[in-house]
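So this one's query20.pdb, PDB, C-alpha atoms:
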```pdb
ATOM      1  CA  MET A  27     -25.025  27.182-101.055
ATOM      2  CA  MET A  28     -27.470  27.365-103.959
ATOM      3  CA  ILE A  29     -30.247  26.067-101.728
ATOM      4  CA  ILE A  30     -29.675  28.941 -99.301
ATOM      5  CA  VAL A  31     -29.730  31.441-102.146
ATOM      6  CA  TRP A  32     -33.002  30.066-103.486
ATOM      7  CA  VAL A  33     -34.551  30.100 -99.999
ATOM      8  CA  VAL A  34     -33.579  33.755 -99.561
ATOM      9  CA  VAL A  35     -34.952  34.638-103.005
ATOM     10  CA  ALA A  36     -38.211  32.804-102.255
ATOM     11  CA  LEU A  37     -38.615  34.657 -98.971
ATOM     12  CA  LEU A  38     -37.989  38.011-100.631
ATOM     13  CA  VAL A  39     -40.520  37.258-103.370
ATOM     14  CA  ALA A  40     -43.093  36.129-100.798
ATOM     15  CA  PHE A  41     -42.570  39.295 -98.771
ATOM     16  CA  ALA A  42     -42.898  41.445-101.895
ATOM     17  CA  LEU A  43     -46.153  39.727-102.884
ATOM     18  CA  VAL A  44     -47.612  40.179 -99.390
ATOM     19  CA  ASN A  45     -46.609  43.844 -99.399
ATOM     20  CA  VAL A  46     -48.191  44.426-102.822
ATOM     21  CA  TYR A  47     -51.395  42.700-101.718
ATOM     22  CA  TRP A  48     -51.558  44.767 -98.511
ATOM     23  CA  ARG A  49     -51.095  47.991-100.450
ATOM     24  CA  TYR A  50     -53.805  46.988-102.934
ATOM     25  CA  ALA A  51     -56.202  45.998-100.161
ATOM     26  CA  SER A  52     -55.434  49.225 -98.311
ATOM     27  CA  ARG A  53     -56.496  51.307-101.285
ATOM     28  CA  ARG A  54     -59.862  49.553-101.249
ATOM     29  CA  GLY A  55     -60.404  49.933 -97.504
ATOM     30  CA  SER A  56     -58.801  50.895 -94.213
ATOM     31  CA  HIS A  57     -56.232  48.303 -93.184
ATOM     32  CA  PRO A  58     -53.431  49.052 -90.703
ATOM     33  CA  CYS A  59     -50.030  47.504 -91.233
ATOM     34  CA  PRO A  60     -50.319  43.999 -89.710
ATOM     35  CA  SER A  61     -48.327  43.504 -86.530
ATOM     36  CA  TRP A  62     -46.286  40.679 -88.046
ATOM     37  CA  LEU A  63     -44.811  43.247 -90.425
ATOM     38  CA  ALA A  64     -43.886  45.597 -87.571
ATOM     39  CA  TRP A  65     -40.180  44.924 -88.110
ATOM     40  CA  THR A  66     -40.409  46.813 -91.430
ATOM     41  CA  LEU A  67     -41.167  49.966 -89.408
ATOM     42  CA  GLU A  68     -38.059  49.734 -87.242
ATOM     43  CA  GLY A  69     -34.353  50.458 -87.574
ATOM     44  CA  ARG A  70     -32.046  53.330 -88.419
ATOM     45  CA  PHE A  71     -32.729  53.188 -92.150
ATOM     46  CA  VAL A  72     -36.495  53.471 -91.626
ATOM     47  CA  ALA A  73     -35.973  56.329 -89.175
ATOM     48  CA  TRP A  74     -33.831  58.124 -91.785
ATOM     49  CA  TRP A  75     -36.153  57.365 -94.706
ATOM     50  CA  THR A  76     -39.259  58.547 -92.847
ATOM     51  CA  ALA A  77     -37.460  61.525 -91.243
ATOM     52  CA  THR A  78     -38.330  60.571 -87.683
ATOM     53  CA  GLU A  79     -36.391  63.351 -85.983
ATOM     54  CA  ARG A  80     -37.611  65.989 -88.426
ATOM     55  CA  THR A  81     -41.202  64.853 -87.856
ATOM     56  CA  LEU A  82     -40.765  65.210 -84.094
ATOM     57  CA  ASP A  83     -39.272  68.679 -84.642
ATOM     58  CA  ARG A  84     -42.334  69.644 -86.678
ATOM     59  CA  ILE A  85     -44.724  68.318 -84.054
ATOM     60  CA  GLY A  86     -42.987  70.595 -81.572
ATOM     61  CA  LEU A  87     -42.763  68.472 -78.437
ATOM     62  CA  ARG A  88     -41.423  70.112 -75.283
ATOM     63  CA  PRO A  89     -40.228  68.795 -71.903
ATOM     64  CA  GLY A  90     -43.008  68.170 -69.412
ATOM     65  CA  GLN A  91     -45.816  67.720 -71.940
ATOM     66  CA  ARG A  92     -48.400  64.945 -71.814
ATOM     67  CA  VAL A  93     -48.587  63.468 -75.318
ATOM     68  CA  LEU A  94     -50.779  60.928 -77.122
ATOM     69  CA  GLU A  95     -49.785  59.154 -80.332
ATOM     70  CA  VAL A  96     -52.621  57.468 -82.209
ATOM     71  CA  GLY A  97     -51.302  54.378 -83.978
ATOM     72  CA  PRO A  98     -47.712  54.202 -82.690
ATOM     73  CA  GLY A  99     -47.050  50.741 -84.105
ATOM     74  CA  PRO A 100     -43.731  49.467 -82.717
ATOM     75  CA  GLY A 101     -42.771  52.942 -81.490
ATOM     76  CA  ARG A 102     -40.768  54.568 -84.293
ATOM     77  CA  LEU A 103     -41.908  58.012 -83.104
ATOM     78  CA  LEU A 104     -43.213  57.293 -79.623
ATOM     79  CA  ILE A 105     -39.946  56.033 -78.139
ATOM     80  CA  PRO A 106     -37.894  59.126 -79.110
ATOM     81  CA  ALA A 107     -40.904  61.293 -78.190
ATOM     82  CA  ALA A 108     -40.632  59.962 -74.636
ATOM     83  CA  ALA A 109     -37.030  61.173 -74.533
ATOM     84  CA  ARG A 110     -38.087  64.623 -75.761
ATOM     85  CA  VAL A 111     -40.751  65.200 -73.093
ATOM     86  CA  GLY A 112     -38.373  63.935 -70.418
ATOM     87  CA  PRO A 113     -39.094  62.445 -67.002
ATOM     88  CA  ALA A 114     -41.508  65.268 -66.156
ATOM     89  CA  GLY A 115     -43.611  64.447 -69.224
ATOM     90  CA  GLN A 116     -45.653  61.442 -70.293
ATOM     91  CA  VAL A 117     -46.300  59.783 -73.663
ATOM     92  CA  VAL A 118     -49.140  57.373 -74.366
ATOM     93  CA  GLY A 119     -49.517  55.205 -77.457
ATOM     94  CA  LEU A 120     -52.998  54.047 -78.482
ATOM     95  CA  ASP A 121     -53.016  51.186 -80.986
ATOM     96  CA  VAL A 122     -55.773  48.926 -82.283
ATOM     97  CA  GLN A 123     -53.499  45.855 -82.533
ATOM     98  CA  GLN A 124     -52.338  43.952 -79.476
ATOM     99  CA  GLY A 125     -49.348  42.647 -81.434
ATOM    100  CA  MET A 126     -48.090  46.194 -81.977
ATOM    101  CA  ILE A 127     -48.602  47.048 -78.302
ATOM    102  CA  ASP A 128     -46.656  43.970 -77.212
ATOM    103  CA  ARG A 129     -43.759  44.729 -79.551
ATOM    104  CA  LEU A 130     -43.656  48.375 -78.486
ATOM    105  CA  LEU A 131     -43.550  47.502 -74.786
ATOM    106  CA  ARG A 132     -40.740  45.009 -75.362
ATOM    107  CA  ARG A 133     -38.701  47.734 -77.069
ATOM    108  CA  THR A 134     -39.168  50.366 -74.358
ATOM    109  CA  ALA A 135     -37.357  48.424 -71.619
ATOM    110  CA  GLY A 136     -39.754  49.725 -68.977
ATOM    111  CA  ALA A 137     -39.471  53.459 -69.721
ATOM    112  CA  ALA A 138     -41.186  55.176 -66.801
ATOM    113  CA  ASN A 139     -42.795  57.933 -68.875
ATOM    114  CA  LEU A 140     -44.178  55.738 -71.700
ATOM    115  CA  THR A 141     -47.469  53.854 -71.706
ATOM    116  CA  ALA A 142     -49.072  51.831 -74.486
ATOM    117  CA  VAL A 143     -52.739  50.880 -74.455
ATOM    118  CA  LEU A 144     -54.993  48.837 -76.702
ATOM    119  CA  GLY A 145     -57.859  50.895 -78.034
ATOM    120  CA  ASN A 146     -59.911  52.239 -80.911
ATOM    121  CA  ALA A 147     -59.219  55.767 -82.152
ATOM    122  CA  GLU A 148     -62.916  56.249 -82.847
ATOM    123  CA  ARG A 149     -63.862  55.519 -79.216
ATOM    124  CA  MET A 150     -60.938  56.373 -76.945
ATOM    125  CA  GLU A 151     -61.226  55.302 -73.329
ATOM    126  CA  LEU A 152     -59.126  58.272 -72.223
ATOM    127  CA  ALA A 153     -59.987  61.220 -70.022
ATOM    128  CA  THR A 154     -61.299  64.445 -71.536
ATOM    129  CA  SER A 155     -58.813  67.353 -71.780
ATOM    130  CA  SER A 156     -55.945  65.166 -70.570
ATOM    131  CA  PHE A 157     -53.256  65.792 -73.240
ATOM    132  CA  ASP A 158     -51.187  68.753 -74.412
ATOM    133  CA  VAL A 159     -50.421  67.197 -77.806
ATOM    134  CA  VAL A 160     -52.061  64.496 -79.901
ATOM    135  CA  TYR A 161     -50.363  63.360 -83.091
ATOM    136  CA  LEU A 162     -50.911  60.886 -85.919
ATOM    137  CA  ALA A 163     -48.182  59.984 -88.422
ATOM    138  CA  ALA A 164     -49.203  58.128 -91.604
ATOM    139  CA  VAL A 165     -52.170  56.738 -89.678
ATOM    140  CA  LEU A 166     -55.234  58.900 -90.362
ATOM    141  CA  GLY A 167     -56.148  57.078 -93.582
ATOM    142  CA  GLU A 168     -56.077  53.706 -91.813
ATOM    143  CA  ILE A 169     -59.007  54.708 -89.595
ATOM    144  CA  PRO A 170     -62.433  53.795 -91.039
ATOM    145  CA  ASP A 171     -64.281  56.732 -89.419
ATOM    146  CA  ARG A 172     -61.722  59.534 -89.577
ATOM    147  CA  ALA A 173     -64.219  62.196 -88.493
ATOM    148  CA  ALA A 174     -65.029  60.259 -85.317
ATOM    149  CA  ALA A 175     -61.336  59.753 -84.569
ATOM    150  CA  LEU A 176     -60.555  63.464 -84.909
ATOM    151  CA  ALA A 177     -63.559  64.321 -82.754
ATOM    152  CA  GLU A 178     -62.046  62.067 -80.088
ATOM    153  CA  CYS A 179     -58.679  63.801 -80.509
ATOM    154  CA  PHE A 180     -60.470  67.106 -79.924
ATOM    155  CA  ARG A 181     -62.116  65.730 -76.783
ATOM    156  CA  VAL A 182     -58.956  64.398 -75.130
ATOM    157  CA  LEU A 183     -56.899  67.534 -75.869
ATOM    158  CA  ARG A 184     -56.865  70.332 -73.329
ATOM    159  CA  PRO A 185     -58.073  73.765 -74.530
ATOM    160  CA  GLY A 186     -55.202  75.340 -76.448
ATOM    161  CA  GLY A 187     -53.668  71.905 -77.105
ATOM    162  CA  ARG A 188     -52.115  70.835 -80.394
ATOM    163  CA  LEU A 189     -53.178  68.239 -82.961
ATOM    164  CA  SER A 190     -50.391  67.266 -85.373
ATOM    165  CA  ILE A 191     -50.965  65.149 -88.493
ATOM    166  CA  THR A 192     -48.081  63.915 -90.649
ATOM    167  CA  GLU A 193     -48.570  62.363 -94.086
ATOM    168  CA  ILE A 194     -45.991  60.813 -96.416
ATOM    169  CA  ALA A 195     -46.678  60.136-100.112
ATOM    170  CA  GLY A 196     -46.156  56.498-101.010
ATOM    171  CA  ASP A 197     -48.110  55.347 -97.986
ATOM    172  CA  PRO A 198     -51.218  53.519 -99.272
ATOM    173  CA  HIS A 199     -53.393  55.595 -96.923
ATOM    174  CA  PHE A 200     -51.891  58.978 -97.858
ATOM    175  CA  GLN A 201     -54.154  61.961 -97.118
ATOM    176  CA  SER A 202     -53.692  65.266 -98.942
ATOM    177  CA  ARG A 203     -53.191  68.570 -97.146
ATOM    178  CA  SER A 204     -56.665  69.725 -98.173
ATOM    179  CA  THR A 205     -58.277  66.535 -96.868
ATOM    180  CA  VAL A 206     -56.409  66.743 -93.570
ATOM    181  CA  ARG A 207     -57.446  70.369 -93.110
ATOM    182  CA  ARG A 208     -61.075  69.677 -93.987
ATOM    183  CA  LEU A 209     -61.324  66.796 -91.532
ATOM    184  CA  ALA A 210     -59.512  68.585 -88.707
ATOM    185  CA  GLU A 211     -61.487  71.783 -89.055
ATOM    186  CA  GLY A 212     -64.662  69.715 -89.235
ATOM    187  CA  ALA A 213     -63.793  68.413 -85.757
ATOM    188  CA  GLY A 214     -63.392  71.963 -84.416
ATOM    189  CA  PHE A 215     -59.643  72.548 -84.820
ATOM    190  CA  ARG A 216     -57.995  75.641 -86.285
ATOM    191  CA  GLN A 217     -55.009  75.185 -88.576
ATOM    192  CA  SER A 218     -51.893  76.957 -87.304
ATOM    193  CA  GLU A 219     -49.200  75.840 -89.766
ATOM    194  CA  VAL A 220     -48.230  73.323 -92.433
ATOM    195  CA  LEU A 221     -44.569  72.305 -92.581
ATOM    196  CA  GLY A 222     -42.986  70.507 -95.525
ATOM    197  CA  ARG A 223     -44.094  69.885 -99.099
ATOM    198  CA  TRP A 224     -47.225  68.224-100.455
ATOM    199  CA  TYR A 225     -45.585  64.787-100.546
ATOM    200  CA  SER A 226     -44.249  64.894 -96.977
ATOM    201  CA  PHE A 227     -45.847  67.333 -94.581
ATOM    202  CA  THR A 228     -46.918  67.935 -91.018
ATOM    203  CA  ALA A 229     -50.075  69.955 -90.454
ATOM    204  CA  ASN A 230     -50.492  71.428 -86.977
ATOM    205  CA  PHE A 231     -53.834  72.500 -85.537
ATOM    206  CA  ALA A 232     -54.952  74.101 -82.294
ATOM    207  CA  LYS A 233     -57.948  73.353 -80.126
ATOM    208  CA  PRO A 234     -59.485  76.741 -79.310
ATOM    209  CA  ALA A 235     -58.794  77.822 -75.743
TER
END
```
For the file at hand, write its structure as structure tokens.
Amino acid sequence: MMIIVWVVVALLVAFALVNVYWRYASRRGSHPCPSWLAWTLEGRFVAWWTATERTLDRIGLRPGQRVLEVGPGPGRLLIPAAARVGPAGQVVGLDVQQGMIDRLLRRTAGAANLTAVLGNAERMELATSSFDVVYLAAVLGEIPDRAAALAECFRVLRPGGRLSITEIAGDPHFQSRSTVRRLAEGAGFRQSEVLGRWYSFTANFAKPA
């Protein structure tokens, strides 16, 4: 019994050390959560802690929309987003890690209106003006060239489309409201609203029609 306890303790300590190192490294550069830690982004507790449903409410998804999530990871937001847009809509997840794409696709059980593709946010291989909504949740700071990524978001959105950026304090890549606004407006967007408080907010922007 004691051996099992010590093994569990050792695993917990190892996980904690890896997490601390990742957070430290992330503050010195742009490093996405590694795919082997994807399980830490799943489950009911994580959905509650990160306010998944409230975030989707703030993004403002509607049935029939074509939606892109940049950096979906294992699908914490993308999977319920697919349910919100319904069978007449379509959601696409663009992730830079094949491991995240593989895990996401395994969790979707072949959902007809959900697609996940491997790609770089700074150089999206997606059609111009092909989405109604593009959103990023706790992802913007992971992208080395954020200006290039937001310029790509602008390109793939239809005129009048919505860009939604959610940030949560405590994330090693947290971006302030002023930084998010500066970067988005630098790409050509116009801010329409900011929902939430400074430590957990969703900023919505429009692409001019």
Val206 in chain A environment, 10 Å, all atoms listed in the file, sequence neighbours closer than 2 positions dropped, as a list in words: Leu166, Gly167, Arg172, Ile191, Thr192, Glu193, Phe200, Gln201, Ser202, Arg203, Ser204, Arg208, Leu209, Ala210, Glu211, Gly212, Gln217, Thr228 and Ala229 of chain A
Residue nearest Arg84 in chain A - candidates A:Ala235, A:Ala195, A:Ile127, A:Leu221, atoms counted: only C-alpha atoms: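 Ranking A:Ala235, A:Ala195, A:Ile127, A:Leu221 by distance to Arg84 in chain A, first place goes to A:Leu221.
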Interatomic distance, CA of Thr141 in chain A to CA of Ala77 in chain A (Å, one decimal):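 A separation of 23.3 Å between them.
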Counting all atoms listed in the file, the option among A:Gly119, A:Pro170, A:Pro234, A:Pro113 closest to Leu94 in chain A: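 The shortest atom-to-atom distance to Leu94 in chain A comes from A:Gly119.
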Protein and nucleic acid residues near (-40.2, 64.2, -85.0) (cut-off 12 Å, all atoms listed in the file) as number ranges by chain: A: 73-74, 76-88, 95, 102-111, 161-163, 190-192, 221, 227-228
Computed interatomic separation between CA of Gln123 in chain A and CA of Pro98 in chain A (Å): 10.2 Å
Might I get the box with edges along x, y and z of the file that holds all atoms of range 83-86 of chain A listed there, padded by 5 Å on every side, given as centre and edge lengths in Å to one decimal, as lines of an AutoDock Vina configuration file?
```
center_x = -42.0
center_y = 69.5
center_z = -84.1
size_x = 15.5
size_y = 12.3
size_z = 15.1
```
Result set of the PyMOL selection byres ((chain A and resi 178) around 10) on the coordinates above, as a list of chain:residue names: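 Written out, the selection comes to A:Ala147, A:Glu148, A:Arg149, A:Met150, A:Glu151, A:Leu152, A:Thr154, A:Arg172, A:Ala173, A:Ala174, A:Ala175, A:Leu176, A:Ala177, A:Cys179, A:Phe180, A:Arg181, A:Val182, A:Leu183, A:Ala213.
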Residue neighbourhood Gln91 in chain A, 7 Å, all atoms listed in the file, exclusion window fewer than 5 positions, as an MDAnalysis selection string: chainID A and resid 111 115:116 158
Å distance separating CA of Leu144 in chain A from CA of Leu130 in chain A, one decimal place: 11.5 Å
Apply the PyMOL selection byres ((chain A and resi 145) around 6) to the structure shown and report the selected residues as a PDB file with C-alpha atoms, in the frame of the given file.
```pdb
ATOM      1  CA  LEU A 120     -52.998  54.047 -78.482  1.00  0.00           C
ATOM      2  CA  ASP A 121     -53.016  51.186 -80.986  1.00  0.00           C
ATOM      3  CA  VAL A 122     -55.773  48.926 -82.283  1.00  0.00           C
ATOM      4  CA  LEU A 144     -54.993  48.837 -76.702  1.00  0.00           C
ATOM      5  CA  ASN A 146     -59.911  52.239 -80.911  1.00  0.00           C
TER       6      ASN A 146
END
```
Polymer residues at most 9 Å from Arg133 in chain A, all atoms listed in the file, same-chain spacing of 4 or more positions, as a VMD selection string: chain A and resid 100 to 101 105 128 to 129
Residue with smallest distance to Pro89 in chain A - pool A:Val159, A:Ala153, A:Met126, A:Ala142, counting all atoms listed in the file: A:Val159
Top pick for closest residue to Arg92 in chain A, considering A:Val143, A:Val165, A:Thr134, A:Arg188 and counting all atoms listed in the file: A:Arg188
